[in-house]
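Participant: Contents of entry.txt (compact mmCIF, C-alpha atoms and all ligand atoms) are given next:
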```txt
# COMPACT_ATOMS: atom_id res chain seq x y z
CA MET Z 1 109.87 59.67 196.79
CA SER Z 2 109.80 60.11 193.04
CA PRO Z 3 109.13 56.96 191.01
CA THR Z 4 112.05 54.92 189.63
CA ALA Z 5 112.21 53.57 186.06
CA VAL Z 6 112.01 49.78 185.99
CA LEU Z 7 112.76 47.69 182.89
CA THR Z 8 109.88 45.31 182.27
CA GLY Z 9 110.18 44.13 178.66
CA ILE Z 10 112.80 43.67 175.95
CA GLY Z 11 112.72 42.91 172.21
CA GLY Z 12 114.97 42.92 169.19
CA TYR Z 13 114.77 42.57 165.43
CA VAL Z 14 117.16 42.29 162.48
CA PRO Z 15 116.03 42.27 158.85
CA PRO Z 16 116.17 38.84 157.21
CA ARG Z 17 118.96 39.37 154.64
CA ARG Z 18 122.29 38.06 155.92
CA VAL Z 19 125.43 39.56 154.36
CA THR Z 20 128.54 37.45 154.91
CA ASN Z 21 132.14 38.65 154.87
CA GLU Z 22 132.68 36.64 151.68
CA GLU Z 23 129.93 38.59 149.95
CA LEU Z 24 131.68 41.89 150.71
CA ALA Z 25 135.26 40.72 150.29
CA GLN Z 26 135.73 40.84 146.55
CA SER Z 27 134.22 44.22 145.74
CA LEU Z 28 135.98 45.86 148.72
CA GLY Z 29 139.43 44.33 148.29
CA THR Z 30 139.35 42.63 151.68
CA ASN Z 31 138.86 39.10 152.95
CA ASP Z 32 137.05 37.11 155.63
CA GLU Z 33 140.22 36.53 157.67
CA TRP Z 34 141.02 40.29 157.84
CA ILE Z 35 137.48 41.20 158.89
CA ARG Z 36 137.20 38.43 161.51
CA SER Z 37 140.59 39.05 163.06
CA ARG Z 38 140.27 42.88 163.19
CA THR Z 39 136.61 43.10 164.22
CA GLY Z 40 135.20 39.69 165.23
CA ILE Z 41 132.42 40.14 162.67
CA GLN Z 42 131.41 37.18 160.47
CA GLN Z 43 128.15 38.50 159.07
CA ARG Z 44 125.66 41.33 159.44
CA HIS Z 45 122.04 41.88 158.31
CA TRP Z 46 121.11 44.57 155.79
CA ALA Z 47 117.57 45.68 155.06
CA ASP Z 48 116.25 45.42 151.51
CA ALA Z 49 115.22 48.54 149.58
CA GLY Z 50 111.75 49.56 150.67
CA THR Z 51 112.42 48.93 154.36
CA VAL Z 52 112.97 52.02 156.51
CA THR Z 53 114.37 52.52 160.01
CA GLY Z 54 110.86 53.00 161.42
CA ASP Z 55 109.90 49.51 160.19
CA LEU Z 56 112.75 47.92 162.16
CA ALA Z 57 111.91 50.08 165.19
CA ALA Z 58 108.22 49.10 165.11
CA GLU Z 59 109.05 45.39 164.89
CA ALA Z 60 111.42 45.58 167.89
CA GLY Z 61 108.90 47.78 169.75
CA GLU Z 62 106.13 45.25 169.16
CA ARG Z 63 108.32 42.49 170.60
CA ALA Z 64 109.25 44.55 173.67
CA LEU Z 65 105.57 45.35 174.35
CA LYS Z 66 104.78 41.64 174.08
CA SER Z 67 107.64 40.80 176.46
CA ALA Z 68 106.25 43.35 178.96
CA GLY Z 69 102.71 42.00 178.45
CA VAL Z 70 101.31 45.46 177.74
CA ARG Z 71 99.64 47.20 174.80
CA ASP Z 72 99.92 50.84 175.78
CA VAL Z 73 102.57 53.36 176.81
CA ASP Z 74 102.44 57.12 177.25
CA LEU Z 75 105.78 57.99 175.67
CA VAL Z 76 107.95 56.62 172.84
CA VAL Z 77 111.63 57.62 172.73
CA LEU Z 78 113.47 56.43 169.63
CA ALA Z 79 117.26 56.60 169.45
CA THR Z 80 118.37 56.80 165.83
CA SER Z 81 120.79 58.66 163.58
CA THR Z 82 119.30 57.25 160.39
CA GLY Z 83 115.67 58.34 160.70
CA ASN Z 84 113.12 57.85 157.92
CA GLN Z 85 113.72 61.47 156.82
CA PRO Z 86 115.51 64.57 158.21
CA MET Z 87 112.20 65.95 159.50
CA PRO Z 88 109.91 64.99 161.17
CA ALA Z 89 111.25 62.60 163.80
CA THR Z 90 110.55 58.91 163.19
CA ALA Z 91 109.15 58.14 166.67
CA PRO Z 92 105.63 59.54 166.01
CA GLU Z 93 105.31 57.34 162.90
CA VAL Z 94 106.47 54.30 164.89
CA ALA Z 95 103.95 55.08 167.66
CA ALA Z 96 101.17 55.39 165.08
CA ASN Z 97 102.16 52.16 163.31
CA LEU Z 98 102.18 50.32 166.63
CA GLY Z 99 98.62 51.55 167.30
CA LEU Z 100 99.72 53.42 170.43
CA GLY Z 101 97.45 56.40 169.77
CA GLN Z 102 98.47 60.04 170.06
CA VAL Z 103 101.18 59.52 172.68
CA ALA Z 104 104.23 61.73 173.15
CA ALA Z 105 107.01 60.59 170.82
CA TYR Z 106 110.39 61.97 169.85
CA ASP Z 107 113.81 60.95 168.53
CA VAL Z 108 117.15 61.09 170.33
CA SER Z 109 120.25 61.54 168.18
CA ALA Z 110 123.39 60.28 169.92
CA ALA Z 111 124.70 57.77 167.36
CA CYS Z 112 125.77 54.47 168.93
CA ALA Z 113 125.27 55.86 172.47
CA GLY Z 114 121.67 56.77 171.62
CA PHE Z 115 119.85 53.92 173.36
CA VAL Z 116 121.44 54.58 176.76
CA TYR Z 117 120.82 58.34 176.32
CA ALA Z 118 117.18 57.47 175.52
CA LEU Z 119 116.94 55.34 178.67
CA THR Z 120 118.15 58.37 180.65
CA ALA Z 121 115.51 60.58 179.05
CA ALA Z 122 112.78 58.03 179.69
CA ALA Z 123 113.84 57.51 183.31
CA GLY Z 124 113.76 61.29 183.78
CA ALA Z 125 110.22 61.48 182.36
CA ILE Z 126 109.14 58.75 184.76
CA ALA Z 127 110.85 60.42 187.74
CA ILE Z 128 109.02 63.74 187.21
CA GLY Z 129 105.68 62.02 186.63
CA ALA Z 130 105.49 62.95 182.92
CA ALA Z 131 105.09 59.28 181.96
CA GLU Z 132 104.20 56.03 183.68
CA ARG Z 133 105.24 53.65 180.93
CA VAL Z 134 107.74 54.34 178.15
CA LEU Z 135 108.76 52.42 175.04
CA VAL Z 136 112.46 53.08 174.44
CA ILE Z 137 113.79 51.96 171.06
CA GLY Z 138 117.22 52.02 169.42
CA ALA Z 139 117.12 51.51 165.65
CA ASP Z 140 119.53 52.24 162.82
CA LEU Z 141 119.70 51.39 159.17
CA TRP Z 142 123.23 52.43 158.28
CA SER Z 143 123.38 50.28 155.15
CA THR Z 144 121.71 53.16 153.29
CA ARG Z 145 124.53 55.50 154.37
CA LEU Z 146 127.57 53.30 153.69
CA ASP Z 147 129.92 54.19 150.85
CA PRO Z 148 130.08 50.92 148.89
CA ALA Z 149 133.75 51.68 148.16
CA ASP Z 150 134.79 52.33 151.78
CA ARG Z 151 136.01 49.06 153.24
CA SER Z 152 136.53 50.49 156.73
CA THR Z 153 132.81 51.23 157.22
CA ALA Z 154 131.07 48.76 154.88
CA ILE Z 155 132.38 45.74 156.78
CA ILE Z 156 131.36 46.95 160.21
CA PHE Z 157 127.78 48.14 160.20
CA GLY Z 158 124.63 46.05 160.28
CA ASP Z 159 120.97 47.13 160.37
CA GLY Z 160 118.73 46.35 163.34
CA ALA Z 161 116.55 47.52 166.19
CA GLY Z 162 116.10 46.76 169.87
CA ALA Z 163 113.58 48.04 172.40
CA ALA Z 164 112.76 48.06 176.10
CA VAL Z 165 109.66 48.96 178.08
CA LEU Z 166 110.20 51.00 181.25
CA ARG Z 167 107.49 51.47 183.88
CA ALA Z 168 107.23 53.59 186.99
CA GLY Z 169 108.27 51.53 190.01
CA THR Z 170 110.12 51.80 193.28
CA ALA Z 171 113.84 51.86 194.03
CA GLY Z 172 115.18 48.43 194.92
CA GLU Z 173 112.93 46.48 192.55
CA ALA Z 174 114.73 44.17 190.11
CA GLY Z 175 114.98 45.98 186.77
CA SER Z 176 115.23 49.46 188.29
CA LEU Z 177 117.85 51.66 186.65
CA LEU Z 178 120.41 52.29 189.36
CA GLY Z 179 122.33 55.29 188.08
CA PHE Z 180 123.63 57.04 184.99
CA ASP Z 181 126.81 58.46 183.58
CA ALA Z 182 126.99 60.33 180.27
CA GLY Z 183 129.28 62.72 178.44
CA SER Z 184 130.30 64.12 175.08
CA ASP Z 185 133.29 65.58 173.19
CA GLY Z 186 132.20 67.77 170.28
CA ASP Z 187 135.78 68.71 169.48
CA ARG Z 188 136.23 65.19 168.13
CA ARG Z 189 133.02 65.15 166.05
CA ALA Z 190 134.96 64.55 162.82
CA LEU Z 191 135.94 61.03 163.93
CA ALA Z 192 132.55 59.66 162.85
CA VAL Z 193 130.42 61.94 160.72
CA VAL Z 194 127.96 62.15 157.84
CA PRO Z 195 129.25 65.50 156.54
CA GLY Z 196 126.43 66.30 154.09
CA GLY Z 197 122.70 66.81 154.34
CA GLY Z 198 122.67 69.29 157.22
CA SER Z 199 122.76 73.06 157.74
CA ARG Z 200 126.56 73.11 157.56
CA GLN Z 201 126.38 71.91 153.96
CA ARG Z 202 123.58 74.37 153.08
CA SER Z 203 125.54 77.24 154.63
CA HIS Z 204 128.70 76.40 152.67
CA PRO Z 205 127.29 75.33 149.30
CA HIS Z 206 130.69 75.33 147.57
CA ALA Z 207 132.58 73.12 150.05
CA PRO Z 208 132.93 69.79 148.19
CA GLU Z 209 133.78 67.82 151.33
CA LEU Z 210 130.33 68.69 152.68
CA ALA Z 211 128.56 67.09 149.73
CA ASN Z 212 129.27 63.62 151.06
CA GLU Z 213 126.19 62.03 152.62
CA TYR Z 214 127.94 58.78 153.45
CA LEU Z 215 129.27 57.90 156.90
CA THR Z 216 132.99 58.64 157.21
CA MET Z 217 135.01 57.27 160.10
CA ARG Z 218 138.54 57.47 161.50
CA GLY Z 219 138.66 53.90 162.75
CA ARG Z 220 141.91 53.79 164.69
CA ASP Z 221 141.21 57.02 166.63
CA LEU Z 222 137.66 55.86 167.34
CA PHE Z 223 138.98 52.59 168.65
CA THR Z 224 141.09 54.40 171.26
CA GLN Z 225 138.29 56.79 172.20
CA ALA Z 226 135.75 53.96 172.48
CA VAL Z 227 137.96 52.09 174.96
CA GLU Z 228 138.76 55.22 176.98
CA HIS Z 229 135.17 56.41 177.29
CA MET Z 230 133.35 53.10 177.76
CA ALA Z 231 135.85 52.07 180.45
CA GLY Z 232 135.88 55.53 182.10
CA SER Z 233 132.11 55.91 182.03
CA SER Z 234 131.61 52.38 183.43
CA GLN Z 235 134.05 53.11 186.24
CA ARG Z 236 132.28 56.35 187.22
CA LEU Z 237 128.94 54.54 187.09
CA LEU Z 238 130.19 51.69 189.29
CA GLY Z 239 131.31 54.29 191.83
CA ARG Z 240 127.84 55.85 191.85
CA VAL Z 241 126.06 52.51 192.14
CA GLY Z 242 128.46 51.21 194.79
CA TRP Z 243 129.60 48.15 192.83
CA THR Z 244 133.12 47.06 191.98
CA GLY Z 245 134.11 45.38 188.71
CA ALA Z 246 134.00 42.04 190.56
CA ASP Z 247 130.30 42.57 191.40
CA VAL Z 248 129.32 42.75 187.72
CA ASP Z 249 127.94 39.57 186.15
CA TRP Z 250 127.66 41.01 182.64
CA CYS Z 251 128.97 44.09 180.90
CA VAL Z 252 126.82 44.87 177.88
CA ALA Z 253 128.94 47.29 175.90
CA HIS Z 254 128.21 48.79 172.49
CA GLN Z 255 129.10 46.09 169.97
CA ALA Z 256 131.61 48.02 167.86
CA ASN Z 257 134.40 45.50 167.53
CA ILE Z 258 135.36 42.43 169.60
CA ARG Z 259 138.85 43.85 170.19
CA ILE Z 260 137.32 47.00 171.71
CA LEU Z 261 135.18 44.83 174.02
CA HIS Z 262 138.18 42.80 175.15
CA THR Z 263 140.28 45.90 175.79
CA VAL Z 264 137.46 47.52 177.83
CA ALA Z 265 137.30 44.32 179.93
CA ASP Z 266 141.06 44.42 180.47
CA VAL Z 267 140.96 48.08 181.58
CA LEU Z 268 138.08 47.30 183.95
CA ARG Z 269 140.01 44.21 185.21
CA MET Z 270 137.01 42.09 184.35
CA PRO Z 271 137.25 38.63 182.76
CA ARG Z 272 136.68 38.94 178.99
CA GLU Z 273 133.96 36.25 179.23
CA ARG Z 274 131.84 38.75 181.17
CA MET Z 275 131.51 40.97 178.11
CA LEU Z 276 128.33 39.78 176.40
CA SER Z 277 128.66 39.82 172.64
CA ASN Z 278 126.78 39.15 169.43
CA VAL Z 279 128.97 41.26 167.14
CA ASP Z 280 130.00 38.11 165.24
CA HIS Z 281 126.55 37.70 163.68
CA VAL Z 282 125.00 41.20 163.66
CA GLY Z 283 128.00 43.56 163.34
CA ASN Z 284 127.81 47.09 164.71
CA THR Z 285 124.10 47.98 164.77
CA SER Z 286 124.67 51.45 166.25
CA ALA Z 287 121.77 52.57 168.49
CA ALA Z 288 120.25 49.08 168.29
CA SER Z 289 123.35 47.33 169.54
CA ILE Z 290 122.71 47.19 173.30
CA PRO Z 291 118.96 46.38 173.37
CA LEU Z 292 119.38 43.86 170.54
CA LEU Z 293 122.04 42.04 172.56
CA LEU Z 294 119.97 42.23 175.77
CA SER Z 295 117.03 40.72 173.93
CA GLU Z 296 119.09 37.95 172.37
CA ALA Z 297 120.90 37.07 175.63
CA THR Z 298 117.59 36.97 177.53
CA ALA Z 299 116.09 34.63 174.96
CA ASP Z 300 119.08 32.25 174.90
CA GLY Z 301 119.43 32.20 178.71
CA ARG Z 302 122.85 33.84 179.03
CA LEU Z 303 121.22 36.71 180.92
CA GLU Z 304 119.27 35.53 183.95
CA ALA Z 305 117.06 37.21 186.53
CA GLY Z 306 119.20 38.57 189.35
CA ASP Z 307 122.32 39.15 187.22
CA ARG Z 308 124.07 42.47 187.85
CA VAL Z 309 124.42 44.20 184.51
CA VAL Z 310 126.27 47.31 183.33
CA LEU Z 311 125.30 48.88 180.01
CA THR Z 312 127.91 51.15 178.39
CA ALA Z 313 127.84 52.80 174.98
CA PHE Z 314 130.03 55.02 172.84
CA GLY Z 315 129.59 56.62 169.43
CA GLY Z 316 129.79 59.62 167.16
CA GLY Z 317 129.48 63.05 168.73
CA LEU Z 318 131.56 61.90 170.41
CA SER Z 319 129.05 60.69 172.98
CA TRP Z 320 129.04 58.03 175.66
CA ALA Z 321 126.64 56.85 178.36
CA SER Z 322 126.29 54.06 180.92
CA THR Z 323 123.67 52.68 183.28
CA ALA Z 324 123.28 49.61 185.51
CA LEU Z 325 120.50 47.34 186.69
CA ILE Z 326 119.75 44.00 188.28
CA TRP Z 327 118.25 41.96 185.47
CA PRO Z 328 114.52 41.34 186.03
CA ASP Z 329 112.57 38.13 185.44
CA LEU Z 330 111.27 38.60 181.89
O1 LIG E 401 130.37 52.46 166.54
C1 LIG E 401 131.35 53.33 167.04
C2 LIG E 401 132.21 53.85 165.95
N1 LIG E 401 133.09 52.93 165.29
C3 LIG E 401 134.06 52.22 165.90
O2 LIG E 401 134.14 52.11 167.09
C4 LIG E 401 135.10 51.61 164.99
C5 LIG E 401 136.37 51.41 165.73
N2 LIG E 401 137.46 51.03 164.86
C6 LIG E 401 137.63 49.79 164.34
O3 LIG E 401 136.82 48.90 164.54
C7 LIG E 401 138.88 49.54 163.54
O4 LIG E 401 139.69 50.71 163.59
C8 LIG E 401 138.62 49.17 162.06
C9 LIG E 401 138.09 47.74 161.97
C10 LIG E 401 137.67 50.14 161.40
C11 LIG E 401 139.94 49.20 161.28
O5 LIG E 401 140.87 48.33 161.87
P1 LIG E 401 142.34 48.87 162.22
O6 LIG E 401 143.07 47.68 162.69
O7 LIG E 401 142.20 50.01 163.16
O8 LIG E 401 142.88 49.33 160.82
P2 LIG E 401 143.31 50.78 160.34
O9 LIG E 401 142.11 51.66 160.11
O10 LIG E 401 144.37 51.32 161.24
O11 LIG E 401 143.95 50.42 158.97
C12 LIG E 401 145.08 49.54 158.88
C13 LIG E 401 145.22 49.11 157.44
C14 LIG E 401 145.14 50.27 156.45
O12 LIG E 401 146.06 50.00 155.41
P3 LIG E 401 147.49 50.73 155.41
O13 LIG E 401 147.17 52.21 155.37
O14 LIG E 401 148.18 50.30 156.67
O15 LIG E 401 148.11 50.22 154.15
C15 LIG E 401 143.74 50.17 155.90
O16 LIG E 401 143.63 50.66 154.58
O17 LIG E 401 144.14 48.22 157.09
C16 LIG E 401 143.50 48.69 155.91
N3 LIG E 401 142.11 48.32 155.95
C17 LIG E 401 141.66 47.16 155.47
N4 LIG E 401 142.27 46.14 154.88
C18 LIG E 401 141.55 45.07 154.50
C19 LIG E 401 141.06 49.02 156.50
N5 LIG E 401 139.91 48.31 156.36
C20 LIG E 401 140.27 47.16 155.71
C21 LIG E 401 139.54 46.02 155.31
N6 LIG E 401 140.22 45.01 154.69
N7 LIG E 401 138.22 45.90 155.48
```
Once you've parsed the file, please lay out its structure as structure tokens.

Facilitator:
Amino acid sequence: MSPTAVLTGIGGYVPPRRVTNEELAQSLGTNDEWIRSRTGIQQRHWADAGTVTGDLAAEAGERALKSAGVRDVDLVVLATSTGNQPMPATAPEVAANLGLGQVAAYDVSAACAGFVYALTAAAGAIAIGAAERVLVIGADLWSTRLDPADRSTAIIFGDGAGAAVLRAGTAGEAGSLLGFDAGSDGDRRALAVVPGGGSRQRSHPHAPELANEYLTMRGRDLFTQAVEHMAGSSQRLLGRVGWTGADVDWCVAHQANIRILHTVADVLRMPRERMLSNVDHVGNTSAASIPLLLSEATADGRLEAGDRVVLTAFGGGLSWASTALIWPDL
């Protein structure tokens, strides 16, 4: 029997600077009431100049290693779409800064679905014997890529990082990842995109729309797609794992917008209270969203050992991914 990936540590980190709705309201021509009622967000954290994505990732990684009670891993997988630079990947720098030695390290780019994609990659590495212990991190620093004049993106995104440690274990142990579902829709890539800075821009140097290196988003269409794919992916996953919606203690969905979370719960016929959320105080932290929430809910006792948990994520690409586990004693 090939080994199974078992979650054995969790950690999260947001930079100290809190940015309230009031702070954004005047310059963006919006107000606290609009932002709260449309998104559920009251504040987010933005990193100060001089802080890079790898710094957030290393802090969350350090906390996850501490939670797991270990100091070494043999692979680091970092989910991010806002790396320290276009090349090289940020994961090797994070591994070096954490003092992990010359371990394998690479980035996964799947926007807000990145952390669950990275869990899949790490579980695969464990299953084939390529790694015995993996540090999986989701980190994004979108505040550097937000158009200060675009009120539809500037109000939503917060900076942050979350991380988990996976180890090789046996099927049936608490914390073992029970199954995966993932998919993508490249035909809808324009719904959330940073148009500039890539080979498409370099290959079409006179296309002005490709000069934009800010995040652009079609919010209403994304809303619909997020509900469809997080609900659909969760349903397929439940079928694979052999659970029904009623078996699930907590659904930990990508924290895009509280209305999206409630609609996903309604489609899954799950009480809305079973959707864990922290979007009110951290906003949409992209690849960090799920591990940051897992870390917070473990620390405050909402998430307890033995709880049946579904993780489901959706983001640019489009891409989506889900997994499930029985929460371990951390
Ligand atoms: O992480 C995964 C990717 N992102 C998402 O999943 C985001 C999903 N989408 C959303 O969360 C919502 O679509 C938004 C919060 C972005 C927007 O809310 P909405 O209710 O879908 O608004 P809308 O984009 O349909 O815009 C409705 C109106 C527009 O005005 P008009 O054209 O009707 O006059 C917007 O200009 O609301 C306006 N608007 C705002 N007004 C005040 C958009 N943003 C704001 C704002 N304050 N911040």

Participant: Please identify every residue of chain Z that has at least one atom no farther than 8 Å from an atom of ligand LIG 401 (chain E), counting all atoms listed in the file, and for each give the shortest atom pair and the distance in Å to one decimal, arranged by chain then increasing number, as a tab-separated table.

Facilitator:
```
residue	atom	partner	partner_atom	distance
Z:Ala25	CA	E:LIG401	N6	7.9
Z:Leu28	CA	E:LIG401	N7	7.1
Z:Gly29	CA	E:LIG401	N6	6.5
Z:Thr30	CA	E:LIG401	N6	3.9
Z:Asn31	CA	E:LIG401	N6	6.3
Z:Trp34	CA	E:LIG401	N6	5.7
Z:Ile35	CA	E:LIG401	N7	5.9
Z:Arg38	CA	E:LIG401	C9	5.5
Z:Thr39	CA	E:LIG401	C9	5.4
Z:Ala111	CA	E:LIG401	O1	7.8
Z:Cys112	CA	E:LIG401	O1	5.6
Z:Asp150	CA	E:LIG401	N5	8.0
Z:Arg151	CA	E:LIG401	N7	4.5
Z:Ser152	CA	E:LIG401	N5	4.0
Z:Thr153	CA	E:LIG401	C10	6.5
Z:Ala154	CA	E:LIG401	N7	7.7
Z:Ile155	CA	E:LIG401	N7	6.0
Z:Ile156	CA	E:LIG401	C9	7.0
Z:Ala192	CA	E:LIG401	C2	6.6
Z:Met217	CA	E:LIG401	N1	7.0
Z:Arg218	CA	E:LIG401	O9	7.0
Z:Gly219	CA	E:LIG401	O4	3.5
Z:Arg220	CA	E:LIG401	O4	4.0
Z:Asp221	CA	E:LIG401	O4	7.2
Z:Leu222	CA	E:LIG401	C5	4.9
Z:Phe223	CA	E:LIG401	C5	4.1
Z:Thr224	CA	E:LIG401	C5	7.9
Z:Ala226	CA	E:LIG401	O2	5.9
Z:His254	CA	E:LIG401	O1	7.3
Z:Gln255	CA	E:LIG401	O1	7.3
Z:Ala256	CA	E:LIG401	O1	4.8
Z:Asn257	CA	E:LIG401	O3	5.1
Z:Arg259	CA	E:LIG401	O3	7.8
Z:Ile260	CA	E:LIG401	O3	7.4
Z:Asn284	CA	E:LIG401	O1	6.2
Z:Thr285	CA	E:LIG401	O1	7.9
Z:Ser286	CA	E:LIG401	O1	5.8
Z:Phe314	CA	E:LIG401	C1	6.2
Z:Gly315	CA	E:LIG401	C1	4.4
Z:Gly316	CA	E:LIG401	C2	6.4
```

Participant: Write out as a PyMOL selection string each polymer residue whose atoms come within 12 Å of Asp247 of chain Z, counting all atoms listed in the file; drop sequence neighbours fewer than 2 positions from it.

Facilitator: chain Z and resi 238-239+241-245+249-251+268-271+274+306-310+324-326

Participant: Can you tell me how far atom CA of Val14 of chain Z sits from atom CA of Thr53 of chain Z, in Å to one decimal?

Facilitator: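 That distance, rounded to one decimal, is 10.9 Å.
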
Participant: Show me a table, sorted first by chain and then by increasing residue number, of the residues of segment 33-56 of chain Z having an atom at most 10 Å from segment 79-98 of chain Z, each with its shortest atom pair and the distance in Å to one decimal, counting all atoms listed in the file and written as JSON lines.

Facilitator:
```
{"residue": "Z:Thr51", "atom": "CA", "partner": "Z:Asn84", "partner_atom": "CA", "distance": 9.6}
{"residue": "Z:Val52", "atom": "CA", "partner": "Z:Asn84", "partner_atom": "CA", "distance": 6.0}
{"residue": "Z:Thr53", "atom": "CA", "partner": "Z:Asn84", "partner_atom": "CA", "distance": 5.9}
{"residue": "Z:Gly54", "atom": "CA", "partner": "Z:Val94", "partner_atom": "CA", "distance": 5.7}
{"residue": "Z:Asp55", "atom": "CA", "partner": "Z:Val94", "partner_atom": "CA", "distance": 7.5}
{"residue": "Z:Leu56", "atom": "CA", "partner": "Z:Val94", "partner_atom": "CA", "distance": 9.4}
```

Participant: Would you write out those residues with C-alpha atoms, as a compact mmCIF listing (two decimals), keeping the file's coordinate frame?

Facilitator:
```txt
# COMPACT_ATOMS: atom_id res chain seq x y z
CA THR Z 51 112.42 48.93 154.36
CA VAL Z 52 112.97 52.02 156.51
CA THR Z 53 114.37 52.52 160.01
CA GLY Z 54 110.86 53.00 161.42
CA ASP Z 55 109.90 49.51 160.19
CA LEU Z 56 112.75 47.92 162.16
```

Participant: Using Å and a single decimal, report how far atom CA of Ala64 of chain Z sits from atom CA of Val282 of chain Z.

Facilitator: 19.0 Å

Participant: Restricting the calculation to only C-alpha atoms, which member of Z:Val70, Z:Ala168, Z:Leu210, Z:Ile137 is positioned closest to Met1 of chain Z?

Facilitator: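 Ranking Z:Val70, Z:Ala168, Z:Leu210, Z:Ile137 by distance to Met1 of chain Z, first place goes to Z:Ala168.
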